[in-house]
Amino acid sequence: MKCDLLVVSAAQLITAPEGTGPLLGPDLDRPTLLEDAAVACVDGKIAAVGKTAEVQARYPESGARRVIDARGLLVAPGFVDSHTHLPFAGTREMEFDARARGETYAAIAERGGGIRASVAHLRAVSEPALALSVAKRLGRLLAQGTTTVEAKSGYGLSLEEERKQLQALRTASASSPVEVVPTFLGAHEVPDEYRDRREDYVSLLTDRMIPAIAKERLARFCDVFCDRGVFTVEESRRILLRARESGLGIKLHADELADVGAAALAAELRATSADHLLHASPEGLRAMSRAGVMAVLLPGTAFTLGLPYARARVMVEMGLGIALATDFNPGSTMCSSMPMAMTLAVTQMKMTPAEAWMAATANAACAVGEGNRLGRLQPGHQADLALFEASDYRHIPYHYAEEHVRLAVKRGAVATDRGDCSCCV
Ligand code: NIG
Ligand code: FE
């Protein structure tokens with residue numbers, strides 16, 4: 001049979017066992033590993049995965065439009081970064097400096113820095129300029145092996161400015177192979193002009209912003225920062241119920257700074273995911289597990305802010321589905337590297353390298369509602385692959401702060417190719 005792309009002779013291939021749901025409990029540590037592996041892609045999808053000889057018996061090299069010799073390389077699903085704040089403007093290194101001098105993230109936010117500083121930056125840039133910087137960031141993500149990224153608004157905090165962010169995202173994604181899952185995060189903070197009438201801002205969100213964004217199909221999910229000093233559980237419930245009515249999926253920034261019961265709210269609403277969870281209570285986590293809500297863990301944030309890490313081991317043991325993401329944003333995590341998120345997961349949260357890989361691929365796809373299409377190398381799934389200069393999957397989180405990606409494939413086509421760069425060891 002003919003195929004569009006044939007990857008052969010990979011030193012190792014890692015993927016989740018066939019399926020569409022998240023890997024839970026002990027299964028998170030049981031990836032499928034193949035040696036001398038091959039992948040055949042047809043029409044943007046994976047047609048076959050297996051030992052090179054087996055795949056070649058069905059898809060000979062003579063019938064392949066392009067053959068990639070992956071000798072010495074690791075083949076994996078492209079990362080799905082399921083939580084970022086990609087369309088931001090400006091940076092906040094002065095806050096980084098202030099935290100080094102002892103000021104906390106919450107105190108900086110309180111005095112008008114934090115998210116509100118990024119809102120001022122965002123409102124000052126034009127949509128084309130923003131689209132250009134987002135496009136550059138998408139290129140950097142791809143170079144690090146990310147083929148799908150969830151990206152939130154939340155630095156506009158008015159209908160026009162949130163729309164500008166989501167439209168810039170749409171423009172940038174149209175020119176990039178990286179697939180973007182857009183999320184509306186108008187409830188990221190109460191903007192300065194509503195500080196003394198926050199109730200009106202919540203009504204603006206529910207009555208105008210959410211219906212308009214949903215109608216214009218600018219977002220697939222709606223997210224709320226449900227935490228101490230931001231939106232309460234009651235406000236978040238109101239906002240998210242309206243989002244659901246408008247046809248949007250639901251996500252939460254939950255219990256990052258304090259346990260306010262956001263994890264339980266995520267369970268009550270059967271959200272697709274609740275993210276951060278640094279302070280979530282065991283009861284809240286158990287409720288999430290029962291409701292099938294994915295927990296998106298963002299170790300880069302705890303690392304940057306010096307906060308306690310999410311209790312990944314407890315979560316895995318209670319059978320909660322966990323995913324890893326970067327949280328890339330200019331305040332709490334100026335890092336867009338999924339390999340770095342895996343390194344922190346292993347060294348700081350005591351996940352095994354195999355668990356980290358599964359949480360960054362198959363489970364991450366589930367955290368954006370795409371487990372039946374993305375995150376696994378299996379027939380029928382979209383052909384999104386990353387090829388790394390390593391022959392053992394553990395090398396990637398182990399050898400950190402290096403770029404190991406040789407080549408990435410999106411929808412069956414080579415999306416970036418660094419050539420032979422022998423960057424390893
Ligand atoms: O996920 N926690 C809320 N939002 C972001 C931080 C945003 C910012 O500081 O600009 C986060 O960490
Ligand atoms: Fe975030």
# chains A, B, ... in the order shown; residues from 1 in each chain; ligands from 1

$ residues_around --residues "Gly25 of chain A" --least-positions-apart "6" --cutoff "8 Å" --atoms "only C-alpha atoms" --output "VMD selection string"
chain A and resid 316 to 321

$ write_last_selection --atoms "all heavy atoms" --output "mmCIF file, in the first residue's frame"
data_model
loop_
_atom_site.group_PDB
_atom_site.id
_atom_site.type_symbol
_atom_site.label_atom_id
_atom_site.label_comp_id
_atom_site.auth_asym_id
_atom_site.auth_seq_id
_atom_site.Cartn_x
_atom_site.Cartn_y
_atom_site.Cartn_z
ATOM 1 N N VAL A 316 -2.261 10.276 41.510
ATOM 2 C CA VAL A 316 -2.176 9.044 40.712
ATOM 3 C C VAL A 316 -2.762 7.895 41.523
ATOM 4 O O VAL A 316 -3.552 7.087 41.022
ATOM 5 C CB VAL A 316 -0.710 8.731 40.312
ATOM 6 C CG1 VAL A 316 -0.608 7.350 39.656
ATOM 7 C CG2 VAL A 316 -0.174 9.799 39.366
ATOM 8 N N GLU A 317 -2.394 7.850 42.802
ATOM 9 C CA GLU A 317 -2.879 6.735 43.626
ATOM 10 C C GLU A 317 -4.394 6.762 43.811
ATOM 11 O O GLU A 317 -5.012 5.716 43.935
ATOM 12 C CB GLU A 317 -2.145 6.706 44.969
ATOM 13 C CG GLU A 317 -0.903 5.828 44.871
ATOM 14 C CD GLU A 317 0.240 6.296 45.731
ATOM 15 O OE1 GLU A 317 -0.033 6.743 46.861
ATOM 16 O OE2 GLU A 317 1.409 6.234 45.263
ATOM 17 N N MET A 318 -5.001 7.938 43.798
ATOM 18 C CA MET A 318 -6.463 7.946 43.924
ATOM 19 C C MET A 318 -7.176 7.752 42.578
ATOM 20 O O MET A 318 -8.391 7.818 42.490
ATOM 21 C CB MET A 318 -6.985 9.185 44.679
ATOM 22 C CG MET A 318 -6.750 10.502 44.039
ATOM 23 S SD MET A 318 -7.619 11.871 44.889
ATOM 24 C CE MET A 318 -6.926 11.875 46.507
ATOM 25 N N GLY A 319 -6.393 7.508 41.532
ATOM 26 C CA GLY A 319 -6.997 7.202 40.232
ATOM 27 C C GLY A 319 -7.454 8.430 39.459
ATOM 28 O O GLY A 319 -8.225 8.332 38.501
ATOM 29 N N LEU A 320 -6.955 9.600 39.858
ATOM 30 C CA LEU A 320 -7.288 10.841 39.156
ATOM 31 C C LEU A 320 -6.451 10.924 37.870
ATOM 32 O O LEU A 320 -5.262 10.614 37.890
ATOM 33 C CB LEU A 320 -6.963 12.011 40.100
ATOM 34 C CG LEU A 320 -7.185 13.441 39.658
ATOM 35 C CD1 LEU A 320 -8.616 13.686 39.205
ATOM 36 C CD2 LEU A 320 -6.873 14.384 40.834
ATOM 37 N N GLY A 321 -7.079 11.352 36.777
ATOM 38 C CA GLY A 321 -6.355 11.488 35.514
ATOM 39 C C GLY A 321 -5.487 12.736 35.553
ATOM 40 O O GLY A 321 -6.004 13.832 35.762
#

$ residues_around --residues "Arg66 of chain A" --least-positions-apart "3" --cutoff "9 Å" --atoms "only C-alpha atoms" --output "ChimeraX atom specification"
/A:3-7,61,63

$ write_last_selection --atoms "N, CA and C atoms" --output "PDB file, in the first residue's frame"
ATOM      1  N   CYS A   3       1.849   5.200   1.047  1.00  0.00           N
ATOM      2  CA  CYS A   3       1.642   6.098   2.193  1.00  0.00           C
ATOM      3  C   CYS A   3       2.351   7.424   1.909  1.00  0.00           C
ATOM      4  N   ASP A   4       1.979   8.442   2.662  1.00  0.00           N
ATOM      5  CA  ASP A   4       2.563   9.771   2.446  1.00  0.00           C
ATOM      6  C   ASP A   4       3.905   9.896   3.146  1.00  0.00           C
ATOM      7  N   LEU A   5       3.972   9.327   4.349  1.00  0.00           N
ATOM      8  CA  LEU A   5       5.202   9.460   5.137  1.00  0.00           C
ATOM      9  C   LEU A   5       5.445   8.147   5.861  1.00  0.00           C
ATOM     10  N   LEU A   6       6.697   7.701   5.783  1.00  0.00           N
ATOM     11  CA  LEU A   6       7.068   6.465   6.465  1.00  0.00           C
ATOM     12  C   LEU A   6       8.299   6.757   7.323  1.00  0.00           C
ATOM     13  N   VAL A   7       8.151   6.578   8.616  1.00  0.00           N
ATOM     14  CA  VAL A   7       9.286   6.753   9.536  1.00  0.00           C
ATOM     15  C   VAL A   7       9.755   5.347   9.887  1.00  0.00           C
ATOM     16  N   GLU A  61       8.802   0.939   1.374  1.00  0.00           N
ATOM     17  CA  GLU A  61       9.426   2.253   1.126  1.00  0.00           C
ATOM     18  C   GLU A  61       9.174   2.718  -0.300  1.00  0.00           C
ATOM     19  N   GLY A  63       6.591   2.635  -1.982  1.00  0.00           N
ATOM     20  CA  GLY A  63       5.282   3.284  -2.147  1.00  0.00           C
ATOM     21  C   GLY A  63       5.095   4.489  -1.243  1.00  0.00           C
TER      22      GLY A  63
END

$ select_by_dssp --residues "segment 161-288 of chain A" --states "strand (DSSP E)" --output "PyMOL selection string"
chain A and resi 179-187+221-226+249-254+273-276

$ residues_around --residues "Gly78 of chain A" --least-positions-apart "6" --cutoff "6 Å" --atoms "only C-alpha atoms" --output "JSON, numbers by chain"
{"A": [145, 146, 147, 384, 385, 386]}

$ residues_near_ligand --ligand "ligand 2" --cutoff "8 Å" --atoms "only C-alpha atoms and all ligand atoms" --output "JSON, numbers by chain"
{"A": [83, 84, 85, 253, 275, 276, 327, 328, 329]}

$ closest_atom_pairs --of "chain A" --to "ligand 1" --cutoff "10 Å" --atoms "only C-alpha atoms and all ligand atoms" --output "Markdown table"
| residue | atom | partner | partner_atom_place_in_ligand_line | distance |
| --- | --- | --- | --- | --- |
| A:His83 | CA | ligand 1 | 1 (O) | 8.0 |
| A:Thr84 | CA | ligand 1 | 1 (O) | 7.6 |
| A:His85 | CA | ligand 1 | 5 (C) | 7.3 |
| A:Phe88 | CA | ligand 1 | 10 (O) | 8.5 |
| A:Thr91 | CA | ligand 1 | 10 (O) | 9.2 |
| A:Arg92 | CA | ligand 1 | 10 (O) | 8.6 |
| A:Glu95 | CA | ligand 1 | 9 (O) | 9.7 |
| A:Tyr105 | CA | ligand 1 | 9 (O) | 7.9 |
| A:Ala106 | CA | ligand 1 | 9 (O) | 9.4 |
| A:Ile108 | CA | ligand 1 | 9 (O) | 9.6 |
| A:Ala109 | CA | ligand 1 | 9 (O) | 8.0 |
| A:Gly113 | CA | ligand 1 | 9 (O) | 8.7 |
| A:Gly114 | CA | ligand 1 | 9 (O) | 4.9 |
| A:Ile115 | CA | ligand 1 | 10 (O) | 4.2 |
| A:Arg116 | CA | ligand 1 | 10 (O) | 7.8 |
| A:Ala117 | CA | ligand 1 | 10 (O) | 8.0 |
| A:Ser118 | CA | ligand 1 | 10 (O) | 6.2 |
| A:Val119 | CA | ligand 1 | 10 (O) | 8.6 |
| A:Lys152 | CA | ligand 1 | 4 (N) | 9.7 |
| A:Gly154 | CA | ligand 1 | 7 (C) | 8.5 |
| A:Tyr155 | CA | ligand 1 | 10 (O) | 7.7 |
| A:Leu185 | CA | ligand 1 | 4 (N) | 9.4 |
| A:His188 | CA | ligand 1 | 4 (N) | 6.7 |
| A:Glu189 | CA | ligand 1 | 3 (C) | 8.5 |
| A:Val224 | CA | ligand 1 | 3 (C) | 9.0 |
| A:Phe225 | CA | ligand 1 | 3 (C) | 6.0 |
| A:Cys226 | CA | ligand 1 | 2 (N) | 8.8 |
| A:Asp227 | CA | ligand 1 | 2 (N) | 8.4 |
| A:Val230 | CA | ligand 1 | 3 (C) | 9.1 |
| A:Leu252 | CA | ligand 1 | 2 (N) | 9.8 |
| A:His253 | CA | ligand 1 | 2 (N) | 6.3 |
| A:Ala254 | CA | ligand 1 | 2 (N) | 8.4 |
| A:Asp255 | CA | ligand 1 | 2 (N) | 9.3 |
| A:Glu256 | CA | ligand 1 | 2 (N) | 6.7 |
| A:Leu257 | CA | ligand 1 | 2 (N) | 8.1 |
| A:Asp275 | CA | ligand 1 | 1 (O) | 8.2 |
| A:His276 | CA | ligand 1 | 1 (O) | 7.4 |
| A:Leu298 | CA | ligand 1 | 1 (O) | 8.3 |
| A:Gly300 | CA | ligand 1 | 12 (O) | 9.2 |
| A:Thr301 | CA | ligand 1 | 12 (O) | 6.1 |
| A:Ala302 | CA | ligand 1 | 12 (O) | 9.0 |
| A:Thr304 | CA | ligand 1 | 12 (O) | 9.7 |
| A:Leu305 | CA | ligand 1 | 12 (O) | 9.2 |
| A:Thr326 | CA | ligand 1 | 1 (O) | 9.2 |
| A:Asp327 | CA | ligand 1 | 1 (O) | 5.6 |
| A:Phe328 | CA | ligand 1 | 1 (O) | 8.0 |
| A:Asn329 | CA | ligand 1 | 10 (O) | 5.7 |
| A:Pro330 | CA | ligand 1 | 10 (O) | 5.5 |
| A:Gly331 | CA | ligand 1 | 9 (O) | 3.6 |
| A:Ser332 | CA | ligand 1 | 12 (O) | 4.8 |
| A:Thr333 | CA | ligand 1 | 12 (O) | 6.7 |
| A:Met334 | CA | ligand 1 | 10 (O) | 9.6 |

$ select_by_dssp --residues "segment 309-418 of chain A" --states "helix (DSSP H, G or I)" --output "number ranges by chain"
A: 312-317, 338-349, 353-360, 362-367, 395-398

$ closest_residue --among "A:Ala151, A:Leu387, A:Ala310, A:Leu33" --to "Leu218 of chain A" --atoms "only C-alpha atoms"
A:Ala151

$ residues_around --residues "Pro282 of chain A" --least-positions-apart "3" --cutoff "10 Å" --atoms "only C-alpha atoms" --output "PDB file with C-alpha atoms, in the first residue's frame"
ATOM      1  CA  ALA A 263     -11.635  21.376  42.738  1.00  0.00           C
ATOM      2  CA  ALA A 264     -15.064  20.410  44.112  1.00  0.00           C
ATOM      3  CA  HIS A 279      -3.716  23.506  47.536  1.00  0.00           C
ATOM      4  CA  LEU A 285      -9.469  15.757  44.308  1.00  0.00           C
ATOM      5  CA  ARG A 286     -11.512  12.633  45.040  1.00  0.00           C
ATOM      6  CA  ALA A 287     -14.645  14.347  43.747  1.00  0.00           C
ATOM      7  CA  MET A 288     -12.754  15.244  40.558  1.00  0.00           C
ATOM      8  CA  ARG A 311       0.818  16.161  45.027  1.00  0.00           C
ATOM      9  CA  VAL A 314      -1.452  11.149  45.818  1.00  0.00           C
ATOM     10  CA  MET A 315      -3.460  12.016  42.707  1.00  0.00           C
ATOM     11  CA  MET A 318      -6.463   7.946  43.924  1.00  0.00           C
TER      12      MET A 318
END

$ decode --residues "segment 327-368 of chain A" --atoms "N, CA and C atoms" --output "short mmCIF file (atom, residue, chain, number, x, y, z; two decimals), in the first residue's frame"
data_model
loop_
_atom_site.label_atom_id
_atom_site.label_comp_id
_atom_site.auth_asym_id
_atom_site.auth_seq_id
_atom_site.Cartn_x
_atom_site.Cartn_y
_atom_site.Cartn_z
N ASP A 327 1.87 26.06 31.38
CA ASP A 327 1.32 27.32 31.93
C ASP A 327 2.04 28.54 31.37
N PHE A 328 2.74 28.40 30.26
CA PHE A 328 3.53 29.50 29.68
C PHE A 328 2.80 30.84 29.77
N ASN A 329 3.34 31.78 30.53
CA ASN A 329 2.77 33.13 30.69
C ASN A 329 3.86 34.05 31.23
N PRO A 330 3.69 35.35 31.09
CA PRO A 330 4.80 36.26 31.46
C PRO A 330 4.93 36.50 32.96
N GLY A 331 3.98 35.99 33.77
CA GLY A 331 4.04 36.24 35.19
C GLY A 331 4.61 35.08 35.98
N SER A 332 3.87 33.97 35.96
CA SER A 332 4.23 32.88 36.87
C SER A 332 5.07 31.78 36.23
N THR A 333 5.20 31.76 34.90
CA THR A 333 5.98 30.68 34.25
C THR A 333 6.44 31.12 32.87
N MET A 334 7.60 31.70 32.77
CA MET A 334 8.09 32.16 31.46
C MET A 334 8.85 31.01 30.80
N CYS A 335 8.14 29.94 30.54
CA CYS A 335 8.78 28.75 29.96
C CYS A 335 7.76 27.98 29.14
N SER A 336 8.10 27.70 27.88
CA SER A 336 7.16 27.00 27.01
C SER A 336 7.63 25.59 26.68
N SER A 337 8.51 25.06 27.51
CA SER A 337 9.11 23.76 27.19
C SER A 337 8.39 22.61 27.89
N MET A 338 7.77 21.75 27.11
CA MET A 338 7.15 20.55 27.70
C MET A 338 8.21 19.60 28.25
N PRO A 339 9.37 19.45 27.60
CA PRO A 339 10.41 18.62 28.24
C PRO A 339 10.79 19.14 29.62
N MET A 340 10.84 20.46 29.79
CA MET A 340 11.17 21.00 31.12
C MET A 340 10.06 20.67 32.12
N ALA A 341 8.81 20.74 31.67
CA ALA A 341 7.69 20.36 32.57
C ALA A 341 7.85 18.90 33.00
N MET A 342 8.31 18.06 32.07
CA MET A 342 8.51 16.64 32.43
C MET A 342 9.66 16.49 33.43
N THR A 343 10.73 17.26 33.22
CA THR A 343 11.86 17.18 34.16
C THR A 343 11.41 17.55 35.57
N LEU A 344 10.64 18.63 35.68
CA LEU A 344 10.16 19.06 37.00
C LEU A 344 9.19 18.04 37.58
N ALA A 345 8.39 17.43 36.72
CA ALA A 345 7.45 16.40 37.21
C ALA A 345 8.22 15.24 37.83
N VAL A 346 9.32 14.87 37.18
CA VAL A 346 10.09 13.72 37.68
C VAL A 346 10.87 14.12 38.94
N THR A 347 11.58 15.24 38.88
CA THR A 347 12.48 15.57 39.99
C THR A 347 11.73 16.15 41.19
N GLN A 348 10.64 16.88 40.96
CA GLN A 348 9.97 17.57 42.06
C GLN A 348 8.67 16.91 42.50
N MET A 349 7.97 16.25 41.58
CA MET A 349 6.69 15.65 41.96
C MET A 349 6.78 14.13 42.03
N LYS A 350 8.00 13.62 41.77
CA LYS A 350 8.26 12.18 41.88
C LYS A 350 7.39 11.33 40.95
N MET A 351 7.12 11.88 39.78
CA MET A 351 6.51 11.04 38.75
C MET A 351 7.65 10.29 38.07
N THR A 352 7.37 9.10 37.53
CA THR A 352 8.41 8.41 36.79
C THR A 352 8.51 9.06 35.40
N PRO A 353 9.63 8.87 34.72
CA PRO A 353 9.71 9.41 33.36
C PRO A 353 8.58 8.90 32.46
N ALA A 354 8.21 7.63 32.62
CA ALA A 354 7.12 7.09 31.79
C ALA A 354 5.81 7.82 32.11
N GLU A 355 5.55 8.04 33.40
CA GLU A 355 4.32 8.76 33.77
C GLU A 355 4.33 10.18 33.20
N ALA A 356 5.48 10.81 33.26
CA ALA A 356 5.57 12.18 32.74
C ALA A 356 5.26 12.21 31.24
N TRP A 357 5.80 11.25 30.50
CA TRP A 357 5.53 11.20 29.06
C TRP A 357 4.05 10.99 28.77
N MET A 358 3.44 10.07 29.51
CA MET A 358 2.01 9.80 29.27
C MET A 358 1.16 11.02 29.63
N ALA A 359 1.57 11.72 30.71
CA ALA A 359 0.81 12.90 31.15
C ALA A 359 0.98 14.06 30.17
N ALA A 360 2.07 14.05 29.41
CA ALA A 360 2.35 15.15 28.48
C ALA A 360 1.82 14.87 27.07
N THR A 361 1.32 13.64 26.87
CA THR A 361 0.84 13.28 25.52
C THR A 361 -0.61 12.76 25.57
N ALA A 362 -0.80 11.47 25.86
CA ALA A 362 -2.16 10.89 25.82
C ALA A 362 -3.09 11.60 26.81
N ASN A 363 -2.65 11.75 28.06
CA ASN A 363 -3.54 12.37 29.04
C ASN A 363 -3.73 13.85 28.76
N ALA A 364 -2.71 14.49 28.21
CA ALA A 364 -2.82 15.91 27.88
C ALA A 364 -3.87 16.11 26.79
N ALA A 365 -3.94 15.17 25.85
CA ALA A 365 -4.96 15.26 24.80
C ALA A 365 -6.36 15.19 25.44
N CYS A 366 -6.50 14.32 26.44
CA CYS A 366 -7.80 14.21 27.13
C CYS A 366 -8.14 15.51 27.86
N ALA A 367 -7.12 16.22 28.33
CA ALA A 367 -7.36 17.46 29.06
C ALA A 367 -7.86 18.59 28.16
N VAL A 368 -7.76 18.41 26.85
CA VAL A 368 -8.38 19.37 25.93
C VAL A 368 -9.51 18.71 25.13
#
